[in-house]
>>> print(open('final_19.csv').read())   # CSV, C-alpha atoms and all ligand atoms
chain,number,residue,atom,x,y,z
Y,742,MET,CA,90.7,99.0,94.4
Y,743,GLN,CA,88.4,98.3,91.5
Y,744,SER,CA,90.1,97.0,88.4
Y,745,LEU,CA,89.3,95.4,85.0
Y,746,LYS,CA,91.5,92.8,83.3
Y,747,TYR,CA,92.1,92.8,79.6
Y,748,THR,CA,94.6,91.3,77.2
Y,749,ASP,CA,96.1,93.5,74.5
Y,750,VAL,CA,96.7,92.5,70.9
Y,751,ASN,CA,100.0,90.8,72.0
Y,752,GLN,CA,98.1,88.8,74.6
Y,753,THR,CA,99.7,90.7,77.4
Y,754,GLU,CA,97.5,90.9,80.4
Y,755,ILE,CA,96.7,94.5,81.4
Y,756,GLN,CA,94.9,95.5,84.5
Y,757,ILE,CA,93.1,98.8,84.3
Y,758,TYR,CA,92.5,100.5,87.7
Y,759,ASP,CA,89.7,102.9,88.3
Y,760,ALA,CA,91.5,105.9,89.6
Y,761,THR,CA,88.3,107.3,91.1
Y,762,ALA,CA,87.6,104.2,93.2
Y,763,TRP,CA,90.0,104.1,96.1
Y,764,PRO,CA,89.1,101.4,98.5
Y,765,GLN,CA,87.0,102.7,101.4
Y,766,ILE,CA,89.4,101.2,104.0
Y,767,VAL,CA,92.0,102.7,106.2
Y,768,LEU,CA,95.4,102.2,104.6
Y,769,LEU,CA,98.5,102.0,106.6
Y,770,PRO,CA,101.2,104.6,105.7
Y,771,ASP,CA,103.7,101.8,104.7
Y,772,VAL,CA,101.1,100.5,102.3
Y,773,LEU,CA,100.1,103.9,101.0
Y,774,GLN,CA,103.6,104.7,99.7
Y,775,HIS,CA,103.5,101.8,97.3
Y,776,ILE,CA,100.3,102.8,95.7
Y,777,ARG,CA,100.8,104.7,92.4
Y,778,THR,CA,98.5,106.8,90.4
Y,779,PRO,CA,97.1,104.4,87.8
Y,780,VAL,CA,98.4,105.1,84.4
Y,781,ILE,CA,98.1,103.8,80.9
Y,782,ARG,CA,100.8,105.6,79.0
Y,783,ASP,CA,100.1,104.2,75.6
Y,784,PRO,CA,96.4,103.6,75.0
Y,785,SER,CA,95.9,101.1,72.2
Y,786,SER,CA,93.6,98.4,71.2
Y,787,PHE,CA,92.3,96.2,74.0
Y,788,LYS,CA,90.4,92.9,74.0
Y,789,ASN,CA,87.8,92.2,76.6
Y,790,THR,CA,88.6,88.7,77.9
Y,791,LEU,CA,85.0,88.0,78.6
Y,792,THR,CA,83.3,89.1,75.4
Y,793,GLY,CA,86.3,88.8,73.0
Y,794,ASN,CA,85.5,92.3,71.6
Y,795,HIS,CA,88.3,94.7,70.7
Y,796,PHE,CA,87.9,98.3,71.7
Y,797,SER,CA,90.0,101.4,72.2
Y,798,ILE,CA,90.4,103.3,75.3
Y,799,SER,CA,91.9,106.6,76.1
Y,800,LEU,CA,92.7,107.2,79.7
Y,801,TYR,CA,94.2,110.5,81.0
Y,802,MET,CA,96.5,110.5,83.9
Y,803,GLN,CA,94.9,112.5,86.7
Y,804,GLY,CA,96.0,113.7,90.1
Y,805,LEU,CA,93.7,114.2,93.0
Y,806,ILE,CA,94.1,117.8,94.2
Y,807,PHE,CA,92.5,119.4,97.2
Y,808,SER,CA,93.6,123.0,96.7
Y,809,ILE,CA,95.3,125.3,94.2
Y,810,LYS,CA,96.7,128.6,95.6
Y,811,ARG,CA,97.6,131.4,93.2
Y,812,TYR,CA,99.9,134.3,94.1
Y,813,SER,CA,101.6,132.1,96.8
Y,814,VAL,CA,104.8,133.7,98.2
Y,815,HIS,CA,105.7,131.2,100.9
Y,816,ASP,CA,106.5,128.1,98.9
Y,817,GLY,CA,109.7,129.0,97.0
Y,818,PRO,CA,111.0,132.1,95.2
Y,819,GLY,CA,108.8,134.8,93.6
Y,820,ILE,CA,105.1,134.5,93.0
Y,821,ARG,CA,104.0,130.9,92.6
Y,822,VAL,CA,101.1,128.7,92.0
Y,823,THR,CA,101.0,126.0,94.7
Y,824,ILE,CA,99.2,122.8,93.9
Y,825,PHE,CA,98.2,120.7,96.9
Y,826,LEU,CA,98.0,117.0,96.1
Y,827,LYS,CA,95.7,114.9,98.3
Y,828,GLY,CA,97.0,112.0,100.5
Y,829,CYS,CA,99.8,111.9,103.1
Y,830,PRO,CA,101.5,108.9,104.8
Y,831,LEU,CA,102.0,111.0,107.9
Y,832,CYS,CA,99.3,112.2,110.3
Y,833,CYS,CA,100.8,115.0,112.2
Y,834,LYS,CA,98.9,116.2,115.2
Y,835,TRP,CA,99.4,119.9,114.2
Y,836,CYS,CA,98.6,119.5,110.5
Y,837,HIS,CA,96.8,122.6,109.3
Y,838,ASN,CA,95.6,120.9,106.1
Y,839,PRO,CA,93.8,117.8,107.5
Y,840,GLU,CA,91.7,117.6,104.3
Y,841,GLY,CA,95.0,116.7,102.6
Y,842,ILE,CA,95.8,113.6,104.6
Y,843,SER,CA,93.3,111.1,103.3
Y,844,PRO,CA,94.0,109.9,99.7
Y,845,LEU,CA,90.2,109.8,99.2
Y,846,ARG,CA,87.7,112.5,98.2
Y,847,GLN,CA,86.1,113.7,101.4
Y,848,ASN,CA,83.0,115.6,102.4
Y,849,ILE,CA,83.5,118.8,104.3
Y,850,VAL,CA,80.7,120.5,106.2
Y,851,THR,CA,80.5,124.2,105.4
Y,852,CYS,CA,78.8,126.8,107.5
Y,853,ARG,CA,77.7,130.2,106.3
Y,854,ARG,CA,76.4,132.8,108.7
Y,855,ILE,CA,73.9,135.4,107.7
Y,856,GLY,CA,73.0,137.6,110.5
Y,857,ASP,CA,72.5,135.4,113.5
Y,858,LYS,CA,71.5,132.4,111.4
Y,859,GLU,CA,73.8,129.5,110.4
Y,860,PHE,CA,73.3,127.7,107.1
Y,861,TYR,CA,75.1,124.3,106.7
Y,862,GLY,CA,76.1,122.7,103.5
Y,863,ASN,CA,78.6,120.3,102.0
Y,864,GLU,CA,81.6,120.6,99.8
Y,865,GLU,CA,84.0,118.0,98.5
Y,866,ALA,CA,87.7,118.0,99.3
Y,867,GLY,CA,89.5,116.6,96.3
Y,868,LYS,CA,89.1,117.0,92.5
Y,869,TYR,CA,90.8,115.3,89.7
Y,870,TYR,CA,93.0,117.3,87.4
Y,871,SER,CA,94.9,116.2,84.3
Y,872,VAL,CA,98.5,117.3,83.5
Y,873,GLU,CA,96.9,119.5,80.8
Y,874,ASP,CA,94.6,121.2,83.3
Y,875,ILE,CA,97.6,122.1,85.5
Y,876,SER,CA,99.5,123.4,82.5
Y,877,GLY,CA,96.5,125.6,81.6
Y,878,ILE,CA,96.4,127.1,85.1
Y,879,LEU,CA,100.1,127.9,85.0
Y,880,GLU,CA,99.8,129.4,81.6
Y,881,ARG,CA,97.1,131.8,82.9
Y,882,GLU,CA,99.5,133.0,85.6
Y,883,ARG,CA,102.6,133.2,83.5
Y,884,VAL,CA,102.9,137.0,83.5
Y,885,PHE,CA,103.1,137.2,87.3
Y,886,ILE,CA,105.3,134.1,87.6
Y,887,ASN,CA,107.8,135.4,85.0
Y,888,LYS,CA,107.9,138.9,86.3
Y,889,SER,CA,108.6,137.8,89.9
Y,890,LYS,CA,110.9,134.9,88.9
Y,891,GLY,CA,108.4,132.6,90.6
Y,892,GLY,CA,107.2,129.2,89.5
Y,893,VAL,CA,105.1,126.3,90.6
Y,894,THR,CA,105.2,124.3,93.8
Y,895,PHE,CA,103.7,120.9,94.3
Y,896,SER,CA,102.7,120.4,98.0
Y,897,GLY,CA,100.2,118.4,99.9
Y,898,GLY,CA,99.6,116.2,101.7
Y,899,GLU,CA,102.6,114.4,100.4
Y,900,PRO,CA,102.9,115.0,96.6
Y,901,LEU,CA,105.1,111.9,96.1
Y,902,LEU,CA,102.2,109.7,97.1
Y,903,GLN,CA,100.9,110.4,93.6
Y,904,SER,CA,104.4,110.0,92.2
Y,905,GLU,CA,103.4,109.0,88.6
Y,906,PHE,CA,101.2,112.1,88.2
Y,907,LEU,CA,103.8,114.3,90.0
Y,908,LEU,CA,106.5,113.1,87.5
Y,909,GLU,CA,104.4,113.9,84.5
Y,910,VAL,CA,103.2,117.3,85.8
Y,911,LEU,CA,106.8,118.3,86.7
Y,912,LYS,CA,108.0,117.3,83.2
Y,913,ALA,CA,105.3,119.4,81.6
Y,914,SER,CA,106.0,122.4,83.8
Y,915,LYS,CA,109.7,122.2,83.0
Y,916,GLU,CA,109.0,121.9,79.3
Y,917,LYS,CA,107.0,125.1,79.5
Y,918,GLY,CA,109.9,126.9,81.2
Y,919,PHE,CA,108.5,127.1,84.8
Y,920,GLN,CA,110.7,126.9,87.8
Y,921,THR,CA,109.5,123.9,89.9
Y,922,ALA,CA,109.5,123.1,93.6
Y,923,VAL,CA,108.3,120.0,95.5
Y,924,ASP,CA,107.3,120.4,99.2
Y,925,THR,CA,107.8,117.0,100.8
Y,926,SER,CA,107.5,115.3,104.1
Y,927,GLY,CA,110.4,113.1,103.1
Y,928,TYR,CA,108.4,109.9,103.3
Y,929,SER,CA,108.4,108.1,100.0
Y,930,LEU,CA,110.6,105.5,98.3
Y,931,TYR,CA,113.8,107.0,97.3
Y,932,ASP,CA,113.2,105.7,93.7
Y,933,ASN,CA,110.3,108.1,93.5
Y,934,TYR,CA,112.6,111.0,94.4
Y,935,ARG,CA,115.3,109.8,91.9
Y,936,LEU,CA,112.7,110.0,89.1
Y,937,ILE,CA,111.7,113.6,89.8
Y,938,ILE,CA,115.1,115.1,90.6
Y,939,PRO,CA,115.8,116.0,87.0
Y,940,TYR,CA,112.6,118.0,86.8
Y,941,THR,CA,112.7,119.6,90.3
Y,942,ASP,CA,114.6,122.9,90.8
Y,943,LEU,CA,114.0,123.0,94.5
Y,944,PHE,CA,113.0,120.6,97.2
Y,945,LEU,CA,111.3,122.0,100.3
Y,946,PHE,CA,112.1,119.2,102.8
Y,947,ASP,CA,110.3,119.0,106.2
Y,948,LEU,CA,112.2,117.8,109.2
Y,949,LYS,CA,110.2,117.4,112.3
Y,950,HIS,CA,112.0,115.4,114.9
Y,951,LEU,CA,115.3,113.4,115.1
Y,952,ASP,CA,114.1,110.8,117.6
Y,953,ASP,CA,112.2,108.0,116.0
Y,954,SER,CA,109.9,107.4,119.0
Y,955,ALA,CA,109.0,111.1,119.3
Y,956,HIS,CA,108.4,111.3,115.5
Y,957,ILE,CA,106.0,108.3,115.7
Y,958,GLU,CA,104.2,109.9,118.6
Y,959,GLY,CA,103.8,113.3,116.8
Y,960,THR,CA,103.3,112.1,113.2
Y,961,GLY,CA,102.2,108.5,113.4
Y,962,THR,CA,105.2,107.5,111.2
Y,963,SER,CA,108.9,106.6,111.7
Y,964,ASN,CA,111.6,109.0,110.7
Y,965,ILE,CA,114.1,106.4,109.5
Y,966,LEU,CA,113.1,106.6,105.9
Y,967,ILE,CA,112.8,110.4,106.1
Y,968,LEU,CA,116.3,110.9,107.5
Y,969,GLU,CA,117.8,108.5,104.9
Y,970,ASN,CA,116.0,110.4,102.0
Y,971,TYR,CA,117.2,113.7,103.4
Y,972,ARG,CA,120.8,112.6,103.2
Y,973,LEU,CA,120.3,111.1,99.7
Y,974,LEU,CA,118.6,114.3,98.4
Y,975,LEU,CA,121.3,116.5,99.8
Y,976,ALA,CA,123.8,114.4,97.7
Y,977,GLU,CA,121.7,114.3,94.5
Y,978,ALA,CA,119.3,117.2,94.3
Y,979,ARG,CA,120.1,120.6,92.9
Y,980,GLU,CA,118.7,122.7,95.7
Y,981,VAL,CA,117.2,121.8,99.0
Y,982,ALA,CA,115.5,124.2,101.6
Y,983,LEU,CA,114.9,122.8,105.0
Y,984,ARG,CA,111.5,123.5,106.6
Y,985,ILE,CA,111.2,122.9,110.4
Y,986,PRO,CA,107.8,123.3,112.0
Y,987,VAL,CA,108.3,124.7,115.5
Y,988,ILE,CA,105.8,122.8,117.6
Y,989,PRO,CA,105.7,123.7,121.3
Y,990,GLY,CA,106.2,120.7,123.5
Y,991,PHE,CA,107.2,118.5,120.6
Y,992,ASN,CA,110.4,119.6,119.1
Y,993,ASP,CA,111.4,122.9,120.6
Y,994,ASP,CA,113.2,121.9,123.8
Y,995,PRO,CA,116.8,123.2,124.0
Y,996,ASP,CA,118.3,119.7,123.8
Y,997,HIS,CA,116.5,118.8,120.6
Y,998,VAL,CA,117.1,122.2,119.0
Y,999,GLU,CA,120.9,121.8,119.7
Y,1000,ARG,CA,120.9,118.3,118.2
Y,1001,LEU,CA,119.0,119.5,115.2
Y,1002,ILE,CA,121.6,122.2,114.6
Y,1003,GLN,CA,124.5,119.7,114.9
Y,1004,PHE,CA,122.6,117.3,112.6
Y,1005,ILE,CA,122.2,120.0,110.0
Y,1006,LYS,CA,125.9,121.0,110.2
Y,1007,SER,CA,127.1,117.4,110.0
Y,1008,THR,CA,125.0,116.4,107.0
Y,1009,ARG,CA,125.2,119.7,105.1
Y,1010,THR,CA,126.2,119.7,101.4
Y,1011,GLY,CA,126.3,122.5,98.8
Y,1012,SER,CA,122.7,121.7,97.9
Y,1013,LEU,CA,121.3,122.9,101.2
Y,1014,ARG,CA,120.6,126.6,100.8
Y,1015,ARG,CA,118.4,127.8,103.7
Y,1016,ILE,CA,116.3,126.9,106.7
Y,1017,SER,CA,112.7,128.0,107.3
Y,1018,LEU,CA,111.3,127.9,110.8
Y,1019,LEU,CA,107.6,127.5,110.6
Y,1020,PRO,CA,105.8,128.5,113.8
Y,1021,PHE,CA,102.9,126.3,114.8
Y,1022,HIS,CA,99.6,128.1,114.3
Y,1023,LYS,CA,95.9,127.2,114.8
Y,1024,THR,CA,94.4,128.3,111.5
Y,1025,GLY,CA,93.5,124.8,110.5
Y,1026,SER,CA,91.7,123.9,113.7
Y,1027,SER,CA,88.2,124.6,112.5
Y,1028,LYS,CA,88.7,122.2,109.5
Y,1029,TYR,CA,88.9,119.3,112.0
Y,1030,ARG,CA,85.4,119.9,113.2
Y,1031,ARG,CA,84.2,120.3,109.6
Y,1032,LEU,CA,85.8,116.9,108.7
Y,1033,GLY,CA,84.4,115.3,111.8
Y,1034,LEU,CA,87.9,114.6,113.2
Y,1035,PRO,CA,89.3,115.3,116.7
Y,1036,TYR,CA,91.7,118.3,117.0
Y,1037,ARG,CA,94.7,117.1,119.0
Y,1038,MET,CA,96.4,120.4,119.7
Y,1039,GLU,CA,93.8,121.8,122.0
Y,1040,GLY,CA,95.5,124.1,124.6
Y,1041,ILE,CA,98.8,124.4,122.8
Y,1042,GLU,CA,99.6,128.0,122.0
Y,1043,PRO,CA,101.8,129.2,119.1
Y,1044,PRO,CA,105.4,130.1,120.0
Y,1045,SER,CA,105.9,133.7,120.8
Y,1046,GLU,CA,107.7,136.1,118.4
Y,1047,LYS,CA,110.6,136.4,120.9
Y,1048,ARG,CA,110.9,132.6,121.0
Y,1049,MET,CA,111.0,132.4,117.2
Y,1050,LYS,CA,113.7,135.2,117.1
Y,1051,ASP,CA,115.8,133.3,119.6
Y,1052,LEU,CA,115.5,130.1,117.6
Y,1053,LYS,CA,116.5,132.0,114.5
Y,1054,GLU,CA,119.7,133.2,116.2
Y,1055,GLN,CA,120.5,129.6,117.2
Y,1056,PHE,CA,119.9,128.2,113.7
Y,1057,LEU,CA,122.1,130.9,112.2
Y,1058,THR,CA,125.1,129.1,113.7
Y,1059,THR,CA,124.7,126.5,111.0
Y,1060,GLY,CA,126.0,129.2,108.6
Y,1061,LEU,CA,122.9,129.0,106.5
Y,1062,ARG,CA,120.3,131.7,105.7
Y,1063,VAL,CA,117.4,131.3,108.2
Y,1064,LYS,CA,113.9,132.7,107.8
Y,1065,ILE,CA,110.9,132.6,110.1
Y,1066,GLY,CA,108.0,131.5,108.0
Y,1067,GLY,CA,107.9,129.8,104.6
Y,1101,LIG,S1,103.4,115.9,106.6
Y,1101,LIG,FE1,102.4,117.8,106.3
Y,1101,LIG,S2,100.6,117.3,105.1
Y,1101,LIG,FE2,101.3,115.4,106.0
Y,1101,LIG,S3,100.2,115.2,107.9
Y,1101,LIG,FE3,102.2,116.2,108.4
Y,1101,LIG,S4,101.7,118.4,108.3
Y,1101,LIG,FE4,100.0,117.4,107.3
>>> encode(input="final_19.csv", output="structure tokens")
Amino acid sequence: MQSLKYTDVNQTEIQIYDATAWPQIVLLPDVLQHIRTPVIRDPSSFKNTLTGNHFSISLYMQGLIFSIKRYSVHDGPGIRVTIFLKGCPLCCKWCHNPEGISPLRQNIVTCRRIGDKEFYGNEEAGKYYSVEDISGILERERVFINKSKGGVTFSGGEPLLQSEFLLEVLKASKEKGFQTAVDTSGYSLYDNYRLIIPYTDLFLFDLKHLDDSAHIEGTGTSNILILENYRLLLAEAREVALRIPVIPGFNDDPDHVERLIQFIKSTRTGSLRRISLLPFHKTGSSKYRRLGLPYRMEGIEPPSEKRMKDLKEQFLTTGLRVKIGG
């Protein structure tokens, strides 16, 4: 990461990171979760250690966002604005937002068809937004949000990978009276969750597999931290909704389903309100080609409607509300 070193007027050394210059290297998930969005909370007078000159800087905290969805109805109550933050420590085989996994800006090949001709172009996945930019977007949708008792959802990727930005944008949203939700893979330091709990009305928590080895195989990441965070959040968060992706051949065998149900029952607290079963779908498959990445779910079909209905019946035995879809 590029950085510049300065000392402030009190001779305290300050390192300023360039938020737009992520290192062009592959970062391991365990390293990624320790990287924070660079922030200078209190811009003041700085002294360049090389030239001795004093100067003032004003840096805005920004988040790298790859998509903003208005009129979203699947990521919490009412009509919502869903903000997708870039970067995820997991790498799920079935991920339908592969452009959200890398914490870097990426090039995506676009293809437009006119008649029988194809025209190729490029677009960039990932754009920096300030907290004020996000507040402005929410303000423009306030009428729909308020009428439907909706709010704003921060999703990804894994939004807690940009935990400093997430904290500030959640605070700003709450200050302006918006209901807030965070859609998380569960993979972040619990300290990061603890910081955002006061400003988060609802956590949408993804649970993928109870076995560590299967979890590593399907997502590239251990589930130990995720299960620990799940228990802690159930104890401390106001409201949690569980989201279980139903991935054929990965987590839908009868034995695992039964163990999941028992796990949900045994860990349940008053914070856990409902379960969403999210059937695997293939809508993101073309994005892999456009990103130049291999698609690893070739030949796997989405679960049938009947299978999803049967699973819903089974999960209803937890005593919770169960929904198919987000
Ligand atoms: S946790 Fe979600 S965003 Fe991250 S790789 Fe898995 S499916 Fe994609």
>>> atom_distance(input="final_19.csv", atom1="atom CA of Y:Ser954", atom2="atom CA of Y:Pro986")
17.5 Å
>>> residues_near_ligand(input="final_19.csv", ligand="ligand LIG 1101 (chain Y)", cutoff="6 Å", atoms="only C-alpha atoms and all ligand atoms", output="list in words")
Cys829, Leu831, Cys832, Cys833, Cys836, Asn838, Ile842, Gly897, Gly898, Glu899 and Ser926 of chain Y
>>> atom_distance(input="final_19.csv", atom1="atom CA of Y:Ser876", atom2="atom CA of Y:Lys888")
18.0 Å
>>> closest_residue(input="final_19.csv", among="Y:Val998, Y:Ile878, Y:Ala976, Y:Met1038", to="Y:Thr1059", atoms="all atoms listed in the file")
Y:Val998
>>> closest_residue(input="final_19.csv", among="Y:Leu951, Y:Ile806, Y:Cys852, Y:Val884", to="Y:Lys827", atoms="only C-alpha atoms")
Y:Ile806
>>> atom_distance(input="final_19.csv", atom1="atom CA of Y:Glu905", atom2="atom CA of Y:Gly877")
19.3 Å
>>> residues_around(input="final_19.csv", residues="Y:Leu983", least_positions_apart="2", cutoff="9 Å", atoms="all atoms listed in the file", output="number ranges by chain")
Y: 944-948, 981, 985, 1013-1018
>>> residues_around(input="final_19.csv", residues="stretch 855-864 of chain Y", least_positions_apart="5", cutoff="12 Å", atoms="all atoms listed in the file", output="MDAnalysis selection string")
chainID Y and resid 807 840 846:850 1031:1032
>>> closest_residue(input="final_19.csv", among="Y:Tyr869, Y:Phe825, Y:Tyr1036, Y:Phe1004", to="Y:Leu968", atoms="all atoms listed in the file")
Y:Phe1004
>>> closest_residue(input="final_19.csv", among="Y:Ser1007, Y:Ile988, Y:Leu974, Y:Gln803", to="Y:Leu907", atoms="only C-alpha atoms")
Y:Gln803
>>> closest_residue(input="final_19.csv", among="Y:Asn970, Y:Thr894, Y:Asn964, Y:Gln903", to="Y:Tyr940", atoms="only C-alpha atoms")
Y:Thr894
>>> decode(input="final_19.csv", residues="stretch 1018-1031 of chain Y", atoms="N, CA and C atoms", output="mmCIF file, in the first residue's frame")
data_model
loop_
_atom_site.group_PDB
_atom_site.id
_atom_site.type_symbol
_atom_site.label_atom_id
_atom_site.label_comp_id
_atom_site.auth_asym_id
_atom_site.auth_seq_id
_atom_site.Cartn_x
_atom_site.Cartn_y
_atom_site.Cartn_z
ATOM 1 N N LEU Y 1018 -34.314 -18.840 3.342
ATOM 2 C CA LEU Y 1018 -33.626 -19.879 2.573
ATOM 3 C C LEU Y 1018 -33.426 -19.345 1.159
ATOM 4 N N LEU Y 1019 -32.192 -19.210 0.758
ATOM 5 C CA LEU Y 1019 -31.882 -18.572 -0.527
ATOM 6 C C LEU Y 1019 -31.461 -19.637 -1.548
ATOM 7 N N PRO Y 1020 -32.367 -19.990 -2.474
ATOM 8 C CA PRO Y 1020 -32.001 -21.043 -3.436
ATOM 9 C C PRO Y 1020 -30.867 -20.602 -4.363
ATOM 10 N N PHE Y 1021 -29.934 -21.493 -4.597
ATOM 11 C CA PHE Y 1021 -28.851 -21.223 -5.561
ATOM 12 C C PHE Y 1021 -29.464 -20.862 -6.913
ATOM 13 N N HIS Y 1022 -28.900 -19.857 -7.566
ATOM 14 C CA HIS Y 1022 -29.341 -19.537 -8.930
ATOM 15 C C HIS Y 1022 -28.109 -19.180 -9.769
ATOM 16 N N LYS Y 1023 -28.327 -19.112 -11.069
ATOM 17 C CA LYS Y 1023 -27.172 -18.963 -11.969
ATOM 18 C C LYS Y 1023 -27.054 -17.570 -12.565
ATOM 19 N N THR Y 1024 -27.782 -16.606 -12.010
ATOM 20 C CA THR Y 1024 -27.816 -15.303 -12.682
ATOM 21 C C THR Y 1024 -26.453 -14.617 -12.771
ATOM 22 N N GLY Y 1025 -25.540 -14.977 -11.859
ATOM 23 C CA GLY Y 1025 -24.238 -14.301 -11.904
ATOM 24 C C GLY Y 1025 -23.219 -14.980 -12.804
ATOM 25 N N SER Y 1026 -23.620 -16.110 -13.457
ATOM 26 C CA SER Y 1026 -22.610 -16.922 -14.149
ATOM 27 C C SER Y 1026 -21.890 -16.155 -15.274
ATOM 28 N N SER Y 1027 -22.625 -15.300 -16.003
ATOM 29 C CA SER Y 1027 -21.976 -14.596 -17.122
ATOM 30 C C SER Y 1027 -20.921 -13.592 -16.624
ATOM 31 N N LYS Y 1028 -21.079 -13.130 -15.368
ATOM 32 C CA LYS Y 1028 -20.117 -12.158 -14.846
ATOM 33 C C LYS Y 1028 -18.718 -12.773 -14.748
ATOM 34 N N TYR Y 1029 -18.654 -14.085 -14.482
ATOM 35 C CA TYR Y 1029 -17.340 -14.733 -14.352
ATOM 36 C C TYR Y 1029 -16.553 -14.605 -15.653
ATOM 37 N N ARG Y 1030 -17.275 -14.860 -16.759
ATOM 38 C CA ARG Y 1030 -16.618 -14.770 -18.071
ATOM 39 C C ARG Y 1030 -16.139 -13.338 -18.300
ATOM 40 N N ARG Y 1031 -17.007 -12.380 -17.929
ATOM 41 C CA ARG Y 1031 -16.668 -10.971 -18.168
ATOM 42 C C ARG Y 1031 -15.497 -10.508 -17.310
#
